[in-house]
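Undergrad: Structure incoming, see below.
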Amino acid sequence: MNQDYIKPDNWSIIEEGFDVERVKSSESLFSIGNGAMGQRANFEEYYSGPTFQGSYIAGVYYPDKTRVGWWKNGYPEYFAKVLNAPSWIGINVFVNGNPLDLFRCKHVSDFKRELNMKEGWLSRSFEATLPNDMQIRVETKRFLSIDLDEVGAISYNVTPINGDAEITFEPYLDSAITNEDTNWDDKFWETTGVTQDGAMAFIEAHTMKTEFKTCTFMTSEYFLDGQKLDAKEETSHTDRRITFKFTTSVKQNQTFSIHKYGGYTVDRNHEASQLVAAAKATLSKAVSLGFQHLLVQQELAWAKIWDMADITISGDVKAQQGIRFNIMQLNHTYLGKDARLNIGPKGFTGEKYGGSTYWDTEAYCIPFYMATKDQKVARNLLEYRYHHLDRAIENAGKLGFTNGAALYPMVTMNGEECHNEWEITFEEIHRNGAIAFAIFNYYRYTNDYSYIPEKGLEVLIGIARFWQQRATLSTAHNKYVILGVTGPNEYENNVNNNFYTNYIAKWCIDYAIENIKKVAKEFEDDFSRIQDKVNLSPEELEKWKAVAGNMYLPFSEKDNVYLQQDGFLDKELITVADLDKASRPINQKWSWDRILRSPYIKQADTLQGFYFFEDHFTTEELERHFDFYEPFTVHESSLSPCVHSIQAAKLNRMDQAYEFYLRTSRLDLDDYNKEVEEGLHITSMAGTWMSIVEGFGGMRIKDNMLSFEPKIPQQWEGYSFKVNFRNQVVKVKVTQKGAEFKLEKGSELEILANNKKVVLQLED
């Protein structure tokens, strides 16, 4: 049974009733962020029950020394950890000397937590009976500013219900924090300064090894029934904590409030010596604007995001709630403002996996950002990989590859591989293909070819060199094979000739050659510059052509399908439908040895190839492969349901497509994989967007034109979405009666609608 406590609502994530068993799950689900920082939905006041405390700063990490049972040559030396940063949200609350702690309260009622997706804020309200029998009502609201992205704001309000009270607020900063995820319990942070300037407080700290320098800051204002108080705060501090304290008398039914402003300045954006000065300026600006004005700005900023990114669904509240939750969390994680950043699989919601960049960015996230923001945002994501090309060449060199061959890391923070499982680090090399495909996909969608001669071609050449060297000529097959790999299905390790890997390797080489010819002919200066750097020879290109032109692709004549890998048919082929439900999820119930010997597929693998290269295969071939592989797929990867939803829609299997859509859109809300307390699945959320736009909406690029073949699940009355295609905005609205297409930005655009040309013009 999946969890089912989030109340259905079109624009909010709502929890009603306090349950200590779901605190950590809710801390994930109600997480907030603004692209520059983020935090789990931890309580502001002290909580002594089970909790996963987490505040995170974009781009800040620690190289935790790799921990393995025994060392293998080529292992990365460290696993980059997303770091729990010094906390600024804390506000201890005392009522007549008793601390407010929901875990210790005699009674908690009317508890409600809301993440308002439309306006971008998190709130909480409840009534509590403290151990001293004092009854209070608490209302809080907080957000991380989109516009002023170094600062967040909290409004915390306490009302005594059954008598007058002395109420104390203790806002504090704390750098004595630890990570949930750590290999050796290393000390990740060094605190270098705890200082105060009037009502402002600062903690300067830097990360160990990586030396990221930060300043965590706060200031507060106090109000009684809305009237600002002239607060004289007491101060106390240790070497890693500073606390302000203010107490006042509050009559029954009066409301005592604190507005707390806090956040981070980092040396990525300021001189290290000026972090405190920058923090003072940021705090001064926040206080001058005030909580309510900042909140209005937040609402306007989110209105702008939703104007382009929103997907509306009528007739199905859970489906509507799911897609908006996914879109919001993607924007919490990455807004495209800083080209040095990328999209981590947990975003700012947890620490599992480490790293900030996986192949998920190229395979799943770029389509979302291309269509819902300016194309420069997607280009920034491509340029992120270009800036790491030298590191990718170094990574390949550590494994014995030469001549500028590039192997991009499976997990990275700075371009260097930092994943420490050998079957992933050494073998899941298909990630190279996703990076090349993203370059192709970006050009196909935006028609901006300039990236390839300026930067992308060097990436394509490095990747092609890797594939040529990684393949070996098999005398048995008289074809080139790729041995000892892990495909997208991580429930098979160290297999030979994974179809997806071999196919994308062949495609990468062909695509690199195609673009070498184009750049040499049309961009002579760029080609000359690139040639001076990479020293391509005709002899090398012939080696590439030999590999690509004679790549082995395992195929079963009996089943008339490409095989996921050479030994797939040697397995005991029992479908998921015949698997004991008590064994699910198998990644939590079975030994790894048993999983590896089973036929069960974690996510789309062969079908991932059919998704990327749909136009290389007929619909009949897709159907045959879908029918063969989906019954063995356990969908225990967050990246699995979206691809299958898109393909089921392509095959007109709308009930199945809808089922997969609901699973991908509510993967975390309903905790399908029973792991949401560890954080959300951010990158797969882009796949949820794709399930609607590419699946039900049927969006493709055909004949260099935007194309739609809309379909609608029977459970929906209608849906709509917008896409920014080549700086022209098209709105698609689909109902049970048909589809409408409207140009909202641009002058004129010819599209394909159900394979018929339609000219859209901007309406007056």
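As shown in the structure tokens, the chain order sets the letters A, B, ...; within each chain, residues go from 1, and ligands are also counted from 1 in the order they appear.
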For stretch 176-186 of chain A, find every residue with an atom within 8 Å (counting only C-alpha atoms), except residues of its own chain fewer than 2 positions away, and show them as a CSV table (one decimal) with all heavy atoms, in the first residue's frame.
TA:
chain,number,residue,atom,x,y,z
A,52,PHE,N,15.0,14.5,9.6
A,52,PHE,CA,16.1,14.5,8.7
A,52,PHE,C,16.3,16.0,8.4
A,52,PHE,O,15.7,16.6,7.6
A,52,PHE,CB,15.8,13.7,7.4
A,52,PHE,CG,16.8,13.8,6.3
A,52,PHE,CD1,16.7,13.0,5.2
A,52,PHE,CD2,18.0,14.6,6.4
A,52,PHE,CE1,17.6,13.1,4.1
A,52,PHE,CE2,18.9,14.6,5.4
A,52,PHE,CZ,18.7,13.9,4.2
A,64,ASP,N,34.0,13.3,-0.2
A,64,ASP,CA,34.1,12.2,0.8
A,64,ASP,C,34.9,11.1,0.3
A,64,ASP,O,34.6,10.5,-0.8
A,64,ASP,CB,32.7,11.8,1.2
A,64,ASP,CG,32.6,11.3,2.6
A,64,ASP,OD1,33.6,11.4,3.4
A,64,ASP,OD2,31.6,10.7,3.0
A,65,LYS,N,36.0,10.7,1.0
A,65,LYS,CA,36.8,9.6,0.5
A,65,LYS,C,36.0,8.3,0.3
A,65,LYS,O,35.2,7.9,1.1
A,65,LYS,CB,37.9,9.3,1.6
A,65,LYS,CG,38.9,8.2,1.2
A,65,LYS,CD,40.0,8.1,2.1
A,65,LYS,CE,40.9,6.8,1.9
A,65,LYS,NZ,41.3,6.7,0.5
A,66,THR,N,36.3,7.7,-0.9
A,66,THR,CA,35.5,6.5,-1.3
A,66,THR,C,35.7,5.4,-0.2
A,66,THR,O,36.8,5.2,0.3
A,66,THR,CB,36.0,6.0,-2.6
A,66,THR,OG1,35.8,7.0,-3.6
A,66,THR,CG2,35.4,4.7,-3.0
A,67,ARG,N,34.6,4.7,0.0
A,67,ARG,CA,34.6,3.6,1.0
A,67,ARG,C,34.1,2.4,0.2
A,67,ARG,O,33.0,2.3,-0.2
A,67,ARG,CB,33.7,3.9,2.1
A,67,ARG,CG,33.7,2.8,3.2
A,67,ARG,CD,33.0,3.3,4.5
A,67,ARG,NE,33.2,2.4,5.6
A,67,ARG,CZ,33.0,2.6,6.8
A,67,ARG,NH1,32.6,3.8,7.2
A,67,ARG,NH2,33.3,1.8,7.8
A,81,LYS,N,29.7,14.6,-1.9
A,81,LYS,CA,28.6,14.7,-1.1
A,81,LYS,C,27.9,16.0,-1.2
A,81,LYS,O,28.5,17.1,-1.0
A,81,LYS,CB,28.9,14.3,0.3
A,81,LYS,CG,29.4,12.9,0.6
A,81,LYS,CD,28.3,11.9,0.2
A,81,LYS,CE,28.9,10.5,0.2
A,81,LYS,NZ,29.3,10.0,1.5
A,83,LEU,N,26.1,18.7,0.6
A,83,LEU,CA,26.4,19.1,2.0
A,83,LEU,C,25.2,19.7,2.7
A,83,LEU,O,24.6,20.7,2.2
A,83,LEU,CB,27.6,20.0,2.1
A,83,LEU,CG,29.0,19.4,1.9
A,83,LEU,CD1,30.0,20.4,2.3
A,83,LEU,CD2,29.1,18.1,2.8
A,84,ASN,N,24.9,19.2,3.8
A,84,ASN,CA,24.0,19.9,4.7
A,84,ASN,C,24.7,21.1,5.3
A,84,ASN,O,25.7,21.1,5.9
A,84,ASN,CB,23.6,19.0,5.9
A,84,ASN,CG,22.5,19.6,6.8
A,84,ASN,OD1,21.9,20.6,6.4
A,84,ASN,ND2,22.2,18.9,7.9
A,85,ALA,N,24.2,22.3,5.0
A,85,ALA,CA,24.8,23.6,5.3
A,85,ALA,C,24.4,24.1,6.6
A,85,ALA,O,23.4,23.7,7.2
A,85,ALA,CB,24.5,24.6,4.2
A,86,PRO,N,25.2,25.0,7.2
A,86,PRO,CA,24.7,25.7,8.4
A,86,PRO,C,23.3,26.2,8.3
A,86,PRO,O,22.9,26.7,7.3
A,86,PRO,CB,25.7,26.9,8.5
A,86,PRO,CG,27.0,26.4,7.9
A,86,PRO,CD,26.5,25.6,6.7
A,87,SER,N,22.6,26.0,9.4
A,87,SER,CA,21.1,26.3,9.4
A,87,SER,C,20.8,27.7,9.8
A,87,SER,O,21.4,28.2,10.8
A,87,SER,CB,20.4,25.3,10.3
A,87,SER,OG,19.0,25.6,10.3
A,174,ASP,N,23.2,28.1,13.3
A,174,ASP,CA,23.9,26.9,13.8
A,174,ASP,C,24.8,26.2,12.7
A,174,ASP,O,24.2,25.8,11.7
A,174,ASP,CB,22.9,25.9,14.3
A,174,ASP,CG,23.5,24.7,15.0
A,174,ASP,OD1,24.7,24.7,15.3
A,174,ASP,OD2,22.8,23.7,15.2
A,188,PHE,N,32.9,18.0,7.8
A,188,PHE,CA,32.7,18.6,6.5
A,188,PHE,C,32.9,20.2,6.5
A,188,PHE,O,33.2,20.8,5.5
A,188,PHE,CB,31.3,18.3,6.0
A,188,PHE,CG,31.1,16.9,5.6
A,188,PHE,CD1,29.9,16.3,5.4
A,188,PHE,CD2,32.2,16.0,5.4
A,188,PHE,CE1,29.7,15.0,5.0
A,188,PHE,CE2,32.0,14.7,5.0
A,188,PHE,CZ,30.8,14.2,4.8
A,240,ARG,N,30.2,27.8,17.4
A,240,ARG,CA,29.5,27.4,16.1
A,240,ARG,C,28.0,27.7,16.2
A,240,ARG,O,27.2,27.2,15.4
A,240,ARG,CB,29.7,25.9,15.9
A,240,ARG,CG,31.1,25.5,15.5
A,240,ARG,CD,31.2,24.0,15.1
A,240,ARG,NE,30.9,23.1,16.1
A,240,ARG,CZ,30.9,21.8,16.0
A,240,ARG,NH1,31.0,21.2,14.8
A,240,ARG,NH2,30.7,21.0,17.0
A,241,ARG,N,27.6,28.6,17.1
A,241,ARG,CA,26.2,28.9,17.2
A,241,ARG,C,26.0,30.3,17.8
A,241,ARG,O,26.8,30.7,18.6
A,241,ARG,CB,25.5,27.9,18.0
A,241,ARG,CG,23.9,28.1,18.2
A,241,ARG,CD,23.4,27.0,19.1
A,241,ARG,NE,22.0,27.1,19.3
A,241,ARG,CZ,21.1,26.3,18.9
A,241,ARG,NH1,21.5,25.2,18.1
A,241,ARG,NH2,19.8,26.4,19.1
A,351,GLU,N,20.2,14.0,0.4
A,351,GLU,CA,21.6,13.8,0.2
A,351,GLU,C,22.0,12.5,-0.6
A,351,GLU,O,23.1,12.3,-0.9
A,351,GLU,CB,22.4,13.9,1.5
A,351,GLU,CG,22.2,15.2,2.2
A,351,GLU,CD,22.4,15.1,3.7
A,351,GLU,OE1,23.1,14.2,4.2
A,351,GLU,OE2,21.9,16.0,4.4
A,352,LYS,N,21.0,11.6,-0.8
A,352,LYS,CA,21.3,10.4,-1.5
A,352,LYS,C,21.8,10.6,-2.9
A,352,LYS,O,21.4,11.5,-3.5
A,352,LYS,CB,20.0,9.5,-1.5
A,352,LYS,CG,20.3,8.1,-2.0
A,352,LYS,CD,19.0,7.3,-2.0
A,352,LYS,CE,19.2,5.9,-2.5
A,352,LYS,NZ,17.9,5.1,-2.5
Undergrad: What is the distance between atom CA of A:Ala199 and atom CA of A:Ala277, in Å to one decimal?
TA: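 Atom CA of A:Ala277 lies 14.5 Å from atom CA of A:Ala199.
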Undergrad: Hey, what does DSSP flag as strand (DSSP E) within stretch 330-505 of chain A? Can you give it to me as a list in words?
TA: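 Taking stretch 330-505 of chain A and keeping strand (DSSP E) gives Thr472, Leu473, Ser474, Lys479, Tyr480 and Val481 of chain A.
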Undergrad: Can you list every residue in stretch 6-232 of chain A that DSSP puts in helix (DSSP H, G or I), as an MDAnalysis selection string?
TA: chainID A and resid 20:29
Undergrad: Would you mind listing what lies within 6 Å of stretch 631-641 of chain A as a VMD selection string, with only C-alpha atoms counted and same-chain residues fewer than 2 positions away left out?
TA: chain A and resid 575 to 576 600 to 604 629 643 to 645 660 664 684
Undergrad: Okay, now the selection with N, CA, C and O atoms, as a PDB file, in the first residue's frame?
TA:
ATOM      1  N   THR A 575       7.427 -13.301 -15.867  1.00  0.00           N
ATOM      2  CA  THR A 575       7.029 -11.897 -15.944  1.00  0.00           C
ATOM      3  C   THR A 575       6.720 -11.335 -14.557  1.00  0.00           C
ATOM      4  O   THR A 575       6.500 -12.070 -13.590  1.00  0.00           O
ATOM      5  N   VAL A 576       6.664 -10.021 -14.487  1.00  0.00           N
ATOM      6  CA  VAL A 576       6.359  -9.341 -13.222  1.00  0.00           C
ATOM      7  C   VAL A 576       4.970  -9.732 -12.721  1.00  0.00           C
ATOM      8  O   VAL A 576       4.744  -9.852 -11.509  1.00  0.00           O
ATOM      9  N   TYR A 600      14.386  -9.226 -14.455  1.00  0.00           N
ATOM     10  CA  TYR A 600      13.630  -8.020 -14.147  1.00  0.00           C
ATOM     11  C   TYR A 600      14.423  -6.760 -14.477  1.00  0.00           C
ATOM     12  O   TYR A 600      15.624  -6.664 -14.226  1.00  0.00           O
ATOM     13  N   ILE A 601      13.711  -5.806 -15.036  1.00  0.00           N
ATOM     14  CA  ILE A 601      14.299  -4.603 -15.611  1.00  0.00           C
ATOM     15  C   ILE A 601      13.905  -3.417 -14.747  1.00  0.00           C
ATOM     16  O   ILE A 601      12.723  -3.194 -14.464  1.00  0.00           O
ATOM     17  N   LYS A 602      14.892  -2.660 -14.321  1.00  0.00           N
ATOM     18  CA  LYS A 602      14.662  -1.538 -13.423  1.00  0.00           C
ATOM     19  C   LYS A 602      13.957  -0.390 -14.134  1.00  0.00           C
ATOM     20  O   LYS A 602      13.097   0.282 -13.568  1.00  0.00           O
ATOM     21  N   GLN A 603      14.338  -0.144 -15.373  1.00  0.00           N
ATOM     22  CA  GLN A 603      13.776   0.968 -16.144  1.00  0.00           C
ATOM     23  C   GLN A 603      13.963   0.681 -17.627  1.00  0.00           C
ATOM     24  O   GLN A 603      14.593  -0.303 -18.003  1.00  0.00           O
ATOM     25  N   ALA A 604      13.419   1.558 -18.460  1.00  0.00           N
ATOM     26  CA  ALA A 604      13.558   1.381 -19.912  1.00  0.00           C
ATOM     27  C   ALA A 604      15.026   1.241 -20.289  1.00  0.00           C
ATOM     28  O   ALA A 604      15.854   2.064 -19.908  1.00  0.00           O
ATOM     29  N   TYR A 629       9.362  -6.405 -23.580  1.00  0.00           N
ATOM     30  CA  TYR A 629      10.154  -5.967 -22.430  1.00  0.00           C
ATOM     31  C   TYR A 629       9.343  -5.405 -21.267  1.00  0.00           C
ATOM     32  O   TYR A 629       9.721  -5.582 -20.105  1.00  0.00           O
ATOM     33  N   VAL A 643       8.989   7.084 -19.604  1.00  0.00           N
ATOM     34  CA  VAL A 643       9.284   6.577 -20.948  1.00  0.00           C
ATOM     35  C   VAL A 643       8.197   5.609 -21.390  1.00  0.00           C
ATOM     36  O   VAL A 643       7.725   5.651 -22.538  1.00  0.00           O
ATOM     37  N   HIS A 644       7.778   4.740 -20.490  1.00  0.00           N
ATOM     38  CA  HIS A 644       6.744   3.771 -20.852  1.00  0.00           C
ATOM     39  C   HIS A 644       5.395   4.450 -21.091  1.00  0.00           C
ATOM     40  O   HIS A 644       4.620   4.001 -21.940  1.00  0.00           O
ATOM     41  N   SER A 645       5.121   5.549 -20.376  1.00  0.00           N
ATOM     42  CA  SER A 645       3.889   6.287 -20.626  1.00  0.00           C
ATOM     43  C   SER A 645       3.894   6.893 -22.021  1.00  0.00           C
ATOM     44  O   SER A 645       2.892   6.835 -22.746  1.00  0.00           O
ATOM     45  N   PHE A 660       0.787   4.778 -16.192  1.00  0.00           N
ATOM     46  CA  PHE A 660       2.197   5.134 -16.043  1.00  0.00           C
ATOM     47  C   PHE A 660       2.352   6.621 -15.730  1.00  0.00           C
ATOM     48  O   PHE A 660       3.221   7.011 -14.944  1.00  0.00           O
ATOM     49  N   THR A 664       4.286   8.214 -12.513  1.00  0.00           N
ATOM     50  CA  THR A 664       5.443   9.118 -12.567  1.00  0.00           C
ATOM     51  C   THR A 664       5.121  10.457 -11.919  1.00  0.00           C
ATOM     52  O   THR A 664       5.957  11.048 -11.236  1.00  0.00           O
ATOM     53  N   SER A 684      13.571  12.892 -12.486  1.00  0.00           N
ATOM     54  CA  SER A 684      12.488  12.142 -13.124  1.00  0.00           C
ATOM     55  C   SER A 684      11.237  12.987 -13.265  1.00  0.00           C
ATOM     56  O   SER A 684      10.344  12.665 -14.058  1.00  0.00           O
TER      57      SER A 684
END
